[in-house]
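Text of query.cif, listed as mmCIF, C-alpha atoms:
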```cif
data_work
#
loop_
_atom_site.group_PDB
_atom_site.id
_atom_site.type_symbol
_atom_site.label_atom_id
_atom_site.label_comp_id
_atom_site.auth_asym_id
_atom_site.auth_seq_id
_atom_site.Cartn_x
_atom_site.Cartn_y
_atom_site.Cartn_z
ATOM 1 C CA MET M 168 126.180 127.964 63.998
ATOM 2 C CA ILE M 169 124.225 128.072 67.258
ATOM 3 C CA SER M 170 123.568 131.724 68.040
ATOM 4 C CA LYS M 171 124.601 133.345 71.302
ATOM 5 C CA LYS M 172 120.926 133.874 72.105
ATOM 6 C CA LEU M 173 120.063 130.185 71.651
ATOM 7 C CA ARG M 174 123.172 129.037 73.495
ATOM 8 C CA LYS M 175 122.337 131.289 76.443
ATOM 9 C CA LEU M 176 118.749 130.053 76.427
ATOM 10 C CA LEU M 177 119.847 126.408 76.493
ATOM 11 C CA GLU M 178 122.449 127.029 79.191
ATOM 12 C CA GLN M 179 119.696 128.595 81.319
ATOM 13 C CA GLN M 180 117.882 125.274 80.887
ATOM 14 C CA HIS M 181 120.990 123.501 82.278
ATOM 15 C CA TYR M 182 122.446 122.293 78.985
ATOM 16 C CA GLU M 183 126.234 122.042 79.062
ATOM 17 C CA PHE M 184 127.905 122.387 75.668
ATOM 18 C CA ALA M 185 130.531 119.839 74.679
ATOM 19 C CA GLY M 186 131.177 121.055 71.108
ATOM 20 C CA ASP M 187 129.744 123.394 68.492
ATOM 21 C CA TYR M 188 126.556 121.315 68.133
ATOM 22 C CA THR M 189 126.988 118.876 71.030
ATOM 23 C CA ALA M 190 125.602 119.196 74.541
ATOM 24 C CA ILE M 191 124.603 117.166 77.579
ATOM 25 C CA LYS M 192 121.964 117.672 80.224
ATOM 26 C CA ILE M 193 121.610 115.788 83.503
ATOM 27 C CA CYS M 194 118.295 113.965 83.295
ATOM 28 C CA GLU M 195 115.797 114.361 86.136
ATOM 29 C CA TRP M 196 115.758 110.584 86.552
ATOM 30 C CA ALA M 197 119.541 110.540 86.959
ATOM 31 C CA LYS M 198 119.149 113.142 89.710
ATOM 32 C CA LYS M 199 116.440 111.064 91.397
ATOM 33 C CA SER M 200 118.638 107.986 91.184
ATOM 34 C CA LEU M 201 121.541 109.847 92.812
ATOM 35 C CA ARG M 202 119.187 110.711 95.692
ATOM 36 C CA ASP M 203 117.922 107.089 95.841
ATOM 37 C CA GLU M 204 114.390 108.306 95.111
ATOM 38 C CA ASP M 205 113.517 106.597 91.822
ATOM 39 C CA VAL M 206 114.960 105.525 88.471
ATOM 40 C CA CYS M 207 114.208 106.020 84.777
ATOM 41 C CA TYR M 208 111.858 103.568 83.098
ATOM 42 C CA LYS M 209 114.846 102.455 80.991
ATOM 43 C CA GLU M 210 116.405 101.019 84.140
ATOM 44 C CA LYS M 211 113.194 99.215 85.023
ATOM 45 C CA PHE M 212 112.629 97.936 81.476
ATOM 46 C CA TYR M 213 116.153 97.262 80.212
ATOM 47 C CA GLY M 214 118.554 97.315 83.167
ATOM 48 C CA ILE M 215 120.198 100.644 82.286
ATOM 49 C CA ARG M 216 121.421 102.301 85.500
ATOM 50 C CA SER M 217 120.077 105.837 85.550
ATOM 51 C CA HIS M 218 122.941 107.461 87.462
ATOM 52 C CA LEU M 219 125.446 106.150 84.908
ATOM 53 C CA CYS M 220 123.602 107.612 81.920
ATOM 54 C CA CYS M 221 124.818 110.617 79.916
ATOM 55 C CA GLN M 222 121.900 112.285 78.110
ATOM 56 C CA MET M 223 123.413 114.009 75.073
ATOM 57 C CA SER M 224 123.085 114.970 71.426
ATOM 58 C CA PRO M 225 125.542 115.809 68.618
ATOM 59 C CA THR M 226 122.782 117.743 66.795
ATOM 60 C CA ILE M 227 121.456 120.387 69.148
ATOM 61 C CA ASN M 228 118.400 122.012 67.507
ATOM 62 C CA ILE M 229 119.111 120.395 64.135
ATOM 63 C CA CYS M 230 116.015 118.457 63.100
ATOM 64 C CA SER M 231 113.803 117.505 60.155
ATOM 65 C CA HIS M 232 110.620 117.851 62.230
ATOM 66 C CA SER M 233 108.852 120.597 64.166
ATOM 67 C CA CYS M 234 106.650 118.315 66.267
ATOM 68 C CA VAL M 235 103.892 120.018 68.216
ATOM 69 C CA PHE M 236 104.641 117.753 71.197
ATOM 70 C CA CYS M 237 108.382 118.498 71.352
ATOM 71 C CA TRP M 238 109.469 120.043 74.653
ATOM 72 C CA ARG M 239 112.495 121.635 72.980
ATOM 73 C CA PRO M 240 112.599 125.167 71.477
ATOM 74 C CA ILE M 241 111.782 124.201 67.873
ATOM 75 C CA GLU M 242 111.282 127.904 67.157
ATOM 76 C CA TYR M 243 115.089 127.981 66.960
ATOM 77 C CA ASN M 244 115.395 124.974 64.640
ATOM 78 C CA LEU M 245 118.686 125.266 62.744
ATOM 79 C CA GLY M 246 117.605 123.119 59.784
ATOM 80 C CA PHE M 247 120.037 120.531 58.436
ATOM 81 C CA LYS M 248 123.345 122.282 57.828
ATOM 82 C CA PHE M 249 126.451 122.156 60.008
ATOM 83 C CA ASN M 250 128.968 124.993 59.882
ATOM 84 C CA ALA M 251 131.367 122.799 61.821
ATOM 85 C CA ILE M 252 131.435 119.082 62.606
ATOM 86 C CA ASP M 253 132.395 117.910 66.080
ATOM 87 C CA LYS M 254 134.781 114.942 66.010
ATOM 88 C CA PRO M 255 133.541 111.680 67.584
ATOM 89 C CA LYS M 256 136.474 111.348 70.023
ATOM 90 C CA ASP M 257 136.073 114.974 71.095
ATOM 91 C CA ILE M 258 132.350 114.475 71.581
ATOM 92 C CA ILE M 259 132.868 111.528 73.938
ATOM 93 C CA ASP M 260 135.696 113.182 75.891
ATOM 94 C CA ASN M 261 133.892 116.513 76.170
ATOM 95 C CA CYS M 262 130.544 114.978 77.094
ATOM 96 C CA ILE M 263 132.169 113.112 79.991
ATOM 97 C CA LYS M 264 133.893 116.329 81.125
ATOM 98 C CA ALA M 265 130.633 118.264 80.818
ATOM 99 C CA GLN M 266 128.797 115.539 82.769
ATOM 100 C CA ARG M 267 131.345 115.776 85.579
ATOM 101 C CA LYS M 268 131.052 119.551 85.630
ATOM 102 C CA LYS M 269 127.272 119.410 85.928
ATOM 103 C CA LEU M 270 127.523 116.796 88.680
ATOM 104 C CA SER M 271 130.074 118.753 90.718
ATOM 105 C CA GLY M 272 127.425 120.592 92.714
ATOM 106 C CA PHE M 273 125.937 117.306 93.924
ATOM 107 C CA TRP M 274 128.876 116.628 96.256
ATOM 108 C CA GLY M 275 127.456 119.133 98.725
ATOM 109 C CA ASN M 276 123.967 117.615 98.730
ATOM 110 C CA GLU M 277 123.401 115.499 101.847
ATOM 111 C CA LYS M 278 120.617 113.556 100.123
ATOM 112 C CA VAL M 279 122.942 112.257 97.379
ATOM 113 C CA ASN M 280 124.309 108.726 97.456
ATOM 114 C CA LYS M 281 128.043 109.477 97.272
ATOM 115 C CA LYS M 282 128.926 105.980 96.038
ATOM 116 C CA LYS M 283 126.600 106.475 93.064
ATOM 117 C CA LEU M 284 127.946 109.988 92.511
ATOM 118 C CA LYS M 285 131.495 108.665 92.360
ATOM 119 C CA GLU M 286 130.415 106.007 89.843
ATOM 120 C CA ALA M 287 128.606 108.671 87.797
ATOM 121 C CA GLN M 288 131.903 110.424 87.035
ATOM 122 C CA ASN M 289 132.450 107.754 84.380
ATOM 123 C CA PRO M 290 129.139 107.238 82.547
ATOM 124 C CA LYS M 291 128.500 103.776 81.150
ATOM 125 C CA MET M 292 125.612 104.764 78.912
ATOM 126 C CA PHE M 293 125.075 107.480 76.273
ATOM 127 C CA ALA M 294 121.423 108.277 75.560
ATOM 128 C CA ILE M 295 121.783 109.952 72.158
ATOM 129 C CA SER M 296 118.454 111.701 72.351
ATOM 130 C CA LEU M 297 118.665 115.092 74.040
ATOM 131 C CA SER M 298 117.830 117.429 71.155
ATOM 132 C CA GLY M 299 117.521 117.416 67.383
ATOM 133 C CA GLU M 300 117.831 114.433 65.045
ATOM 134 C CA PRO M 301 121.118 112.582 65.770
ATOM 135 C CA THR M 302 121.204 110.667 62.474
ATOM 136 C CA LEU M 303 121.873 114.007 60.751
ATOM 137 C CA TYR M 304 125.307 114.039 62.430
ATOM 138 C CA PRO M 305 127.502 112.813 59.550
ATOM 139 C CA LYS M 306 130.077 111.030 61.746
ATOM 140 C CA LEU M 307 127.554 109.060 63.798
ATOM 141 C CA PRO M 308 129.075 105.633 62.898
ATOM 142 C CA GLY M 309 132.407 106.835 64.308
ATOM 143 C CA LEU M 310 130.704 108.049 67.470
ATOM 144 C CA ILE M 311 129.022 104.666 68.004
ATOM 145 C CA ASP M 312 132.317 102.854 67.355
ATOM 146 C CA GLY M 313 134.094 105.128 69.833
ATOM 147 C CA LEU M 314 131.545 104.305 72.517
ATOM 148 C CA ILE M 315 131.886 100.577 71.800
ATOM 149 C CA GLU M 316 135.674 100.837 72.166
ATOM 150 C CA ARG M 317 135.209 102.386 75.600
ATOM 151 C CA LYS M 318 132.596 99.798 76.602
ATOM 152 C CA ILE M 319 129.925 102.477 76.853
ATOM 153 C CA THR M 320 126.364 101.443 76.026
ATOM 154 C CA SER M 321 124.468 103.568 73.489
ATOM 155 C CA PHE M 322 120.730 104.050 73.052
ATOM 156 C CA LEU M 323 120.094 105.957 69.820
ATOM 157 C CA VAL M 324 116.718 107.664 69.332
ATOM 158 C CA THR M 325 115.764 108.708 65.800
ATOM 159 C CA ASN M 326 112.664 110.107 64.123
ATOM 160 C CA GLY M 327 113.358 107.780 61.189
ATOM 161 C CA THR M 328 113.676 110.451 58.502
ATOM 162 C CA ASN M 329 117.266 109.559 57.585
ATOM 163 C CA PRO M 330 117.265 105.894 56.472
ATOM 164 C CA VAL M 331 120.532 106.482 54.587
ATOM 165 C CA MET M 332 122.361 106.879 57.909
ATOM 166 C CA LEU M 333 120.574 103.890 59.425
ATOM 167 C CA LYS M 334 121.885 101.744 56.564
ATOM 168 C CA LYS M 335 125.402 102.897 57.459
ATOM 169 C CA LEU M 336 124.786 102.017 61.094
ATOM 170 C CA LEU M 337 124.031 98.393 60.254
ATOM 171 C CA LYS M 338 127.806 97.853 60.528
ATOM 172 C CA HIS M 339 128.181 100.248 63.482
ATOM 173 C CA GLN M 340 125.240 99.288 65.659
ATOM 174 C CA PRO M 341 124.215 101.093 68.832
ATOM 175 C CA THR M 342 123.267 98.912 71.799
ATOM 176 C CA GLN M 343 119.615 99.735 71.170
ATOM 177 C CA LEU M 344 117.918 101.628 68.361
ATOM 178 C CA TYR M 345 114.688 103.524 68.903
ATOM 179 C CA ILE M 346 112.559 104.713 66.012
ATOM 180 C CA THR M 347 109.753 107.057 66.958
ATOM 181 C CA LEU M 348 106.505 106.272 65.154
ATOM 182 C CA PRO M 349 104.762 109.625 65.618
ATOM 183 C CA ALA M 350 101.463 108.868 63.911
ATOM 184 C CA PRO M 351 99.289 106.027 62.618
ATOM 185 C CA ASP M 352 99.125 107.468 59.086
ATOM 186 C CA GLU M 353 100.600 110.162 56.857
ATOM 187 C CA GLU M 354 97.791 112.672 57.367
ATOM 188 C CA THR M 355 98.204 112.627 61.160
ATOM 189 C CA TYR M 356 101.992 112.685 60.760
ATOM 190 C CA ILE M 357 101.918 115.916 58.769
ATOM 191 C CA LYS M 358 99.600 117.582 61.289
ATOM 192 C CA CYS M 359 101.592 116.531 64.353
ATOM 193 C CA CYS M 360 105.190 116.678 63.129
ATOM 194 C CA LYS M 361 105.043 119.554 60.655
ATOM 195 C CA PRO M 362 107.965 118.017 58.723
ATOM 196 C CA LEU M 363 110.546 120.223 57.053
ATOM 197 C CA ILE M 364 110.946 117.611 54.311
ATOM 198 C CA LYS M 365 108.423 116.536 51.677
ATOM 199 C CA ASP M 366 108.737 112.752 51.918
ATOM 200 C CA GLY M 367 109.052 112.254 55.675
ATOM 201 C CA TRP M 368 106.423 109.523 55.988
ATOM 202 C CA LYS M 369 108.025 107.541 53.182
ATOM 203 C CA ARG M 370 111.436 107.861 54.850
ATOM 204 C CA ILE M 371 110.051 106.735 58.215
ATOM 205 C CA ASN M 372 108.669 103.586 56.606
ATOM 206 C CA GLU M 373 112.022 102.965 54.890
ATOM 207 C CA SER M 374 113.701 103.206 58.281
ATOM 208 C CA LEU M 375 111.166 100.878 59.870
ATOM 209 C CA LYS M 376 111.995 98.286 57.220
ATOM 210 C CA LEU M 377 115.587 98.321 58.500
ATOM 211 C CA LEU M 378 114.580 97.920 62.143
ATOM 212 C CA LYS M 379 114.702 94.110 62.200
ATOM 213 C CA ASN M 380 118.368 94.228 61.155
ATOM 214 C CA PHE M 381 119.382 95.906 64.421
ATOM 215 C CA LYS M 382 120.200 93.510 67.248
ATOM 216 C CA ARG M 383 118.054 95.436 69.753
ATOM 217 C CA ASN M 384 115.290 97.637 68.447
ATOM 218 C CA VAL M 385 112.273 99.551 69.675
ATOM 219 C CA ILE M 386 109.348 101.392 68.125
ATOM 220 C CA ARG M 387 108.342 104.229 70.411
ATOM 221 C CA LEU M 388 104.938 105.903 70.347
ATOM 222 C CA THR M 389 104.749 109.342 71.963
ATOM 223 C CA LEU M 390 101.017 109.797 72.288
ATOM 224 C CA VAL M 391 99.159 113.089 72.480
ATOM 225 C CA LYS M 392 95.477 112.923 73.403
ATOM 226 C CA ASN M 393 93.190 114.298 70.680
ATOM 227 C CA LYS M 394 96.163 114.500 68.285
ATOM 228 C CA ASN M 395 97.961 111.242 67.464
ATOM 229 C CA MET M 396 96.470 108.986 70.155
ATOM 230 C CA ILE M 397 93.994 107.613 67.633
ATOM 231 C CA LYS M 398 93.563 104.659 65.281
ATOM 232 C CA ALA M 399 95.144 101.935 67.433
ATOM 233 C CA ASP M 400 94.441 99.500 64.594
ATOM 234 C CA LYS M 401 96.717 101.406 62.216
ATOM 235 C CA TYR M 402 99.546 101.554 64.760
ATOM 236 C CA ALA M 403 99.100 97.812 65.284
ATOM 237 C CA ALA M 404 99.219 97.146 61.531
ATOM 238 C CA LEU M 405 102.555 98.981 61.241
ATOM 239 C CA ILE M 406 103.928 97.133 64.267
ATOM 240 C CA LYS M 407 102.878 93.768 62.793
ATOM 241 C CA LYS M 408 104.455 94.729 59.488
ATOM 242 C CA TYR M 409 107.844 95.816 60.853
ATOM 243 C CA LYS M 410 108.102 93.391 63.812
ATOM 244 C CA PRO M 411 110.077 95.374 66.409
ATOM 245 C CA MET M 412 111.572 93.605 69.406
ATOM 246 C CA PHE M 413 109.815 96.048 71.740
ATOM 247 C CA VAL M 414 107.182 98.769 71.564
ATOM 248 C CA GLU M 415 107.093 101.604 74.064
ATOM 249 C CA VAL M 416 103.681 103.209 74.394
ATOM 250 C CA LYS M 417 104.390 106.495 76.158
ATOM 251 C CA ALA M 418 102.399 109.565 77.097
ATOM 252 C CA TYR M 419 103.304 112.993 75.826
ATOM 253 C CA MET M 420 104.352 115.074 78.827
ATOM 254 C CA TRP M 421 103.174 118.661 79.127
ATOM 255 C CA VAL M 422 106.585 120.215 79.755
ATOM 256 C CA GLY M 423 108.975 122.730 78.230
ATOM 257 C CA TYR M 424 108.090 124.585 75.056
ATOM 258 C CA SER M 425 105.305 122.160 74.167
ATOM 259 C CA ARG M 426 103.161 124.065 76.689
ATOM 260 C CA LYS M 427 103.057 126.914 74.177
ATOM 261 C CA ARG M 428 101.489 124.638 71.551
ATOM 262 C CA LEU M 429 99.365 122.174 73.500
ATOM 263 C CA LYS M 430 97.112 122.083 76.543
ATOM 264 C CA GLN M 431 97.580 120.098 79.723
ATOM 265 C CA ASP M 432 94.528 118.058 78.714
ATOM 266 C CA ASN M 433 96.558 116.714 75.772
ATOM 267 C CA MET M 434 98.696 114.720 78.249
ATOM 268 C CA PRO M 435 97.200 111.226 78.651
ATOM 269 C CA LEU M 436 96.791 109.611 82.054
ATOM 270 C CA HIS M 437 98.633 106.346 82.662
ATOM 271 C CA LYS M 438 95.335 104.443 82.617
ATOM 272 C CA GLU M 439 94.576 105.876 79.184
ATOM 273 C CA ILE M 440 98.042 104.884 77.949
ATOM 274 C CA LYS M 441 97.611 101.361 79.308
ATOM 275 C CA ASP M 442 94.182 101.009 77.713
ATOM 276 C CA PHE M 443 95.582 102.156 74.350
ATOM 277 C CA ALA M 444 98.590 99.836 74.758
ATOM 278 C CA ASN M 445 96.254 96.910 75.437
ATOM 279 C CA LYS M 446 94.366 97.626 72.205
ATOM 280 C CA ILE M 447 97.616 97.675 70.223
ATOM 281 C CA ALA M 448 98.873 94.532 71.963
ATOM 282 C CA LYS M 449 95.736 92.541 71.124
ATOM 283 C CA LEU M 450 95.788 93.678 67.501
ATOM 284 C CA SER M 451 99.523 93.101 66.980
ATOM 285 C CA GLY M 452 100.005 89.827 68.860
ATOM 286 C CA LEU M 453 102.143 91.344 71.615
ATOM 287 C CA ARG M 454 101.692 91.461 75.378
ATOM 288 C CA ILE M 455 102.480 93.907 78.152
ATOM 289 C CA LEU M 456 105.927 93.135 79.552
ATOM 290 C CA ASP M 457 106.229 96.005 82.012
ATOM 291 C CA GLU M 458 104.982 99.486 82.880
ATOM 292 C CA LYS M 459 106.024 102.531 84.908
ATOM 293 C CA GLU M 460 103.069 104.518 86.095
ATOM 294 C CA ASN M 461 104.833 107.771 87.047
ATOM 295 C CA SER M 462 106.467 107.857 83.602
ATOM 296 C CA ARG M 463 103.151 106.974 81.937
ATOM 297 C CA VAL M 464 104.765 104.319 79.773
ATOM 298 C CA VAL M 465 103.978 100.696 78.919
ATOM 299 C CA LEU M 466 106.379 98.191 77.337
ATOM 300 C CA LEU M 467 105.049 95.708 74.784
ATOM 301 C CA GLY M 468 106.884 92.721 73.374
ATOM 302 C CA LYS M 469 106.960 88.955 73.126
ATOM 303 C CA GLY M 470 109.887 87.803 75.244
ATOM 304 C CA ILE M 471 112.677 88.676 77.625
ATOM 305 C CA LYS M 472 113.349 92.376 78.177
ATOM 306 C CA LYS M 473 116.467 92.784 80.348
ATOM 307 C CA ILE M 474 119.991 93.369 79.041
ATOM 308 C CA SER M 475 123.353 93.382 80.767
ATOM 309 C CA VAL M 476 125.335 96.635 80.566
#
```
Whole structure, structure tokens version:
Amino acid sequence: MISKKLRKLLEQQHYEFAGDYTAIKICEWAKKSLRDEDVCYKEKFYGIRSHLCCQMSPTINICSHSCVFCWRPIEYNLGFKFNAIDKPKDIIDNCIKAQRKKLSGFWGNEKVNKKKLKEAQNPKMFAISLSGEPTLYPKLPGLIDGLIERKITSFLVTNGTNPVMLKKLLKHQPTQLYITLPAPDEETYIKCCKPLIKDGWKRINESLKLLKNFKRNVIRLTLVKNKNMIKADKYAALIKKYKPMFVEVKAYMWVGYSRKRLKQDNMPLHKEIKDFANKIAKLSGLRILDEKENSRVVLLGKGIKKISV
């Protein structure tokens, strides 16, 4: 169970718990959108409206990796065991309640677009990505189905180490599946992700084989300069092999607990990300579809990128 110390720590970081292992956090891009300042790259790339997004996880601090670039407190990693399992319906209901609670203070902010704030009381998108590895939540298919029933879009982000769950999700598909490809080869993977399992690289490749069976799918590269931002040819070979619909080439951001493990110089500039993305694109037969400079991210693909939500 999440300890009182960890819970207090996360609440100080503006997490709002919605179950024993479930929590939400209002994303900075959602806040910017509410103030009409900017939007998340997911809105620019895919049409997701930032102020309607609920950033959440049913697996707070439960993960199979201890990635050096993770901004979360991996020092408190809970491993893989649940002492209690939050029910899918309760997760959805409680996440919406928690979202409303966290948004309540925005009503007094003169800079906030009140029309957007009113709309945000009923999120239309769940970004299942806040903390931990969500495919370790054993009732994930039920959670996805519950969101579909309520006409809520779901973007699921996984590290790919649980292909067994991804096989189950083939009949319970999220709106969009992300698999993080954290390294160009196994040696770099072990150094950067410090996996808590012995066969993590093999499992990631098993998951990538399933990618094409998901109606909307993305390979995401989180790149750390002088760590895993190397060997563009090997990334390209994996992308050619597994044929994702999209590839996001994104810079590691020097924030949160990752500052204890890495230096600011490990955060690539947007120009460096775009140069690396261009190398991958040329080698994998893709092209740049879009980019967002202040997020330091480039989108690669072959065709149309927008979706209707």
Problem set entry | Selected residue, from M:Pro330, M:Pro362, M:Pro225, M:Pro435, that lies nearest to Ile258 (chain M) when counting all atoms listed in the file |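 Result for the nearest residue to Ile258 (chain M): M:Pro225.
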Problem set entry | Output of the PyMOL selection byres ((chain M and resi 179-183) around 10), listed as a PyMOL selection string | chain M and resi 173-178+184-186+189-194+223+261-262+264-266+268-269+297+423
Considering only C-alpha atoms, give me a table of residues in region 315-372 of chain M that are at most 9 Å from region 230-241 of chain M, with the closest atom pair and distance in Å for each, as CSV.
```
residue,atom,partner,partner_atom,distance
M:Asn326,CA,M:His232,CA,8.2
M:Thr328,CA,M:Ser231,CA,7.2
M:Pro349,CA,M:Cys234,CA,8.9
M:Lys358,CA,M:Val235,CA,8.5
M:Cys359,CA,M:Val235,CA,5.7
M:Cys360,CA,M:Cys234,CA,3.8
M:Lys361,CA,M:Ser233,CA,5.3
M:Pro362,CA,M:His232,CA,4.4
M:Leu363,CA,M:Ser231,CA,5.3
M:Ile364,CA,M:Ser231,CA,6.5
M:Gly367,CA,M:Ser231,CA,8.4
```
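For the residues M:Ile319, M:Met168, M:Leu310, M:Ala399, ranking by smallest atom-to-atom distance to Ile447 (chain M) using all atoms listed in the file places M:Ala399 first.
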Kindly provide, as AutoDock Vina command-line options, the centre and edge lengths (Å, one decimal) of an axis-aligned box around all atoms of region 185-190 of chain M given in the file, with 6 Å on each side.
```
--center_x 128.4 --center_y 121.1 --center_z 71.4 --size_x 17.6 --size_y 16.5 --size_z 18.5
```
For this session: Can you give me, as a list in words, the residues this file yields under the PyMOL selection byres ((chain M and resi 441-446) around 9)?
Result: Met396, Ile397, Ala399, Asp400, Ala403, Glu415, Val416, Lys417, Leu436, His437, Lys438, Glu439, Ile440, Ile447, Ala448, Lys449, Leu450, Ser451, Leu453, Arg454, Ile455, Glu458, Arg463, Val464, Val465, Leu466 and Leu467 of chain M
For this session: Choose the residue, out of M:Thr355, M:Thr347, M:Ser298, M:Asn228, that has the smallest atom-to-atom separation from Arg387 (chain M); count only C-alpha atoms.
Result: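 Closest candidate: M:Thr347.
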On this structure, which residues satisfy the PyMOL selection byres ((chain M and resi 383) around 9), written as a CSV table (one decimal) with C-alpha atoms, in the frame of the given file?
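Saved file selection_15.csv follows:
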```csv
chain,number,residue,atom,x,y,z
M,341,PRO,CA,124.2,101.1,68.8
M,342,THR,CA,123.3,98.9,71.8
M,343,GLN,CA,119.6,99.7,71.2
M,344,LEU,CA,117.9,101.6,68.4
M,345,TYR,CA,114.7,103.5,68.9
M,378,LEU,CA,114.6,97.9,62.1
M,379,LYS,CA,114.7,94.1,62.2
M,380,ASN,CA,118.4,94.2,61.2
M,381,PHE,CA,119.4,95.9,64.4
M,382,LYS,CA,120.2,93.5,67.2
M,384,ASN,CA,115.3,97.6,68.4
M,385,VAL,CA,112.3,99.6,69.7
M,411,PRO,CA,110.1,95.4,66.4
M,412,MET,CA,111.6,93.6,69.4
M,413,PHE,CA,109.8,96.0,71.7
```
Exercise. When distances are computed from all atoms listed in the file, which of M:Glu373, M:Cys220, M:Arg267, M:Lys334 shows the smallest separation from Pro290 (chain M)?
Worked result: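 Smallest separation from Pro290 (chain M) among the options: M:Cys220.
One finds CA of Asp260 (chain M) at 20.7 Å from CA of Ile169 (chain M).
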For this session: Take CA of Leu388 (chain M) and CA of Leu348 (chain M) and report the distance between them in Å, one decimal.
Result: 5.4 Å
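Interatomic distance, CA of Lys285 (chain M) to CA of Lys256 (chain M): 23.0 Å.
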Exercise. So, counting all atoms listed in the file, which residue among M:Trp421, M:Thr320, M:Glu286, M:Leu336 is closest to Tyr213 (chain M)?
Worked result: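 The answer is M:Thr320, which sits nearest to Tyr213 (chain M).
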Problem set entry | Expected residue set, 9 Å radius at (115.3, 107.0, 86.7), only C-alpha atoms, as a VMD selection string | chain M and resid 194 to 200 204 to 211 216 to 218
Some atoms are absent from region 358-370 of chain M, so rebuild N, CA and C atoms and return them as a PDB file, keeping the file's coordinate frame.
```pdb
ATOM      1  N   LYS M 358     100.214 116.664  60.332  1.00  0.00           N
ATOM      2  CA  LYS M 358      99.600 117.582  61.289  1.00  0.00           C
ATOM      3  C   LYS M 358     100.405 117.685  62.571  1.00  0.00           C
ATOM      4  N   CYS M 359     100.920 116.558  63.050  1.00  0.00           N
ATOM      5  CA  CYS M 359     101.592 116.531  64.353  1.00  0.00           C
ATOM      6  C   CYS M 359     103.078 116.886  64.290  1.00  0.00           C
ATOM      7  N   CYS M 360     103.737 116.506  63.203  1.00  0.00           N
ATOM      8  CA  CYS M 360     105.190 116.678  63.129  1.00  0.00           C
ATOM      9  C   CYS M 360     105.631 117.875  62.297  1.00  0.00           C
ATOM     10  N   LYS M 361     104.723 118.398  61.490  1.00  0.00           N
ATOM     11  CA  LYS M 361     105.043 119.554  60.655  1.00  0.00           C
ATOM     12  C   LYS M 361     106.445 119.403  60.025  1.00  0.00           C
ATOM     13  N   PRO M 362     106.629 118.328  59.250  1.00  0.00           N
ATOM     14  CA  PRO M 362     107.965 118.017  58.723  1.00  0.00           C
ATOM     15  C   PRO M 362     108.526 119.118  57.825  1.00  0.00           C
ATOM     16  N   LEU M 363     109.842 119.254  57.883  1.00  0.00           N
ATOM     17  CA  LEU M 363     110.546 120.223  57.053  1.00  0.00           C
ATOM     18  C   LEU M 363     111.019 119.592  55.757  1.00  0.00           C
ATOM     19  N   ILE M 364     110.616 118.348  55.529  1.00  0.00           N
ATOM     20  CA  ILE M 364     110.946 117.611  54.311  1.00  0.00           C
ATOM     21  C   ILE M 364     109.637 117.118  53.689  1.00  0.00           C
ATOM     22  N   LYS M 365     109.653 116.886  52.383  1.00  0.00           N
ATOM     23  CA  LYS M 365     108.423 116.536  51.677  1.00  0.00           C
ATOM     24  C   LYS M 365     108.034 115.067  51.803  1.00  0.00           C
ATOM     25  N   ASP M 366     109.012 114.185  51.956  1.00  0.00           N
ATOM     26  CA  ASP M 366     108.737 112.752  51.918  1.00  0.00           C
ATOM     27  C   ASP M 366     109.016 112.072  53.261  1.00  0.00           C
ATOM     28  N   GLY M 367     108.732 112.770  54.348  1.00  0.00           N
ATOM     29  CA  GLY M 367     109.052 112.254  55.675  1.00  0.00           C
ATOM     30  C   GLY M 367     108.398 110.928  56.001  1.00  0.00           C
ATOM     31  N   TRP M 368     107.121 110.769  55.670  1.00  0.00           N
ATOM     32  CA  TRP M 368     106.423 109.523  55.988  1.00  0.00           C
ATOM     33  C   TRP M 368     107.020 108.345  55.229  1.00  0.00           C
ATOM     34  N   LYS M 369     107.379 108.585  53.979  1.00  0.00           N
ATOM     35  CA  LYS M 369     108.025 107.541  53.182  1.00  0.00           C
ATOM     36  C   LYS M 369     109.362 107.151  53.802  1.00  0.00           C
ATOM     37  N   ARG M 370     110.124 108.134  54.234  1.00  0.00           N
ATOM     38  CA  ARG M 370     111.436 107.861  54.850  1.00  0.00           C
ATOM     39  C   ARG M 370     111.284 107.091  56.156  1.00  0.00           C
TER      40      ARG M 370
END
```
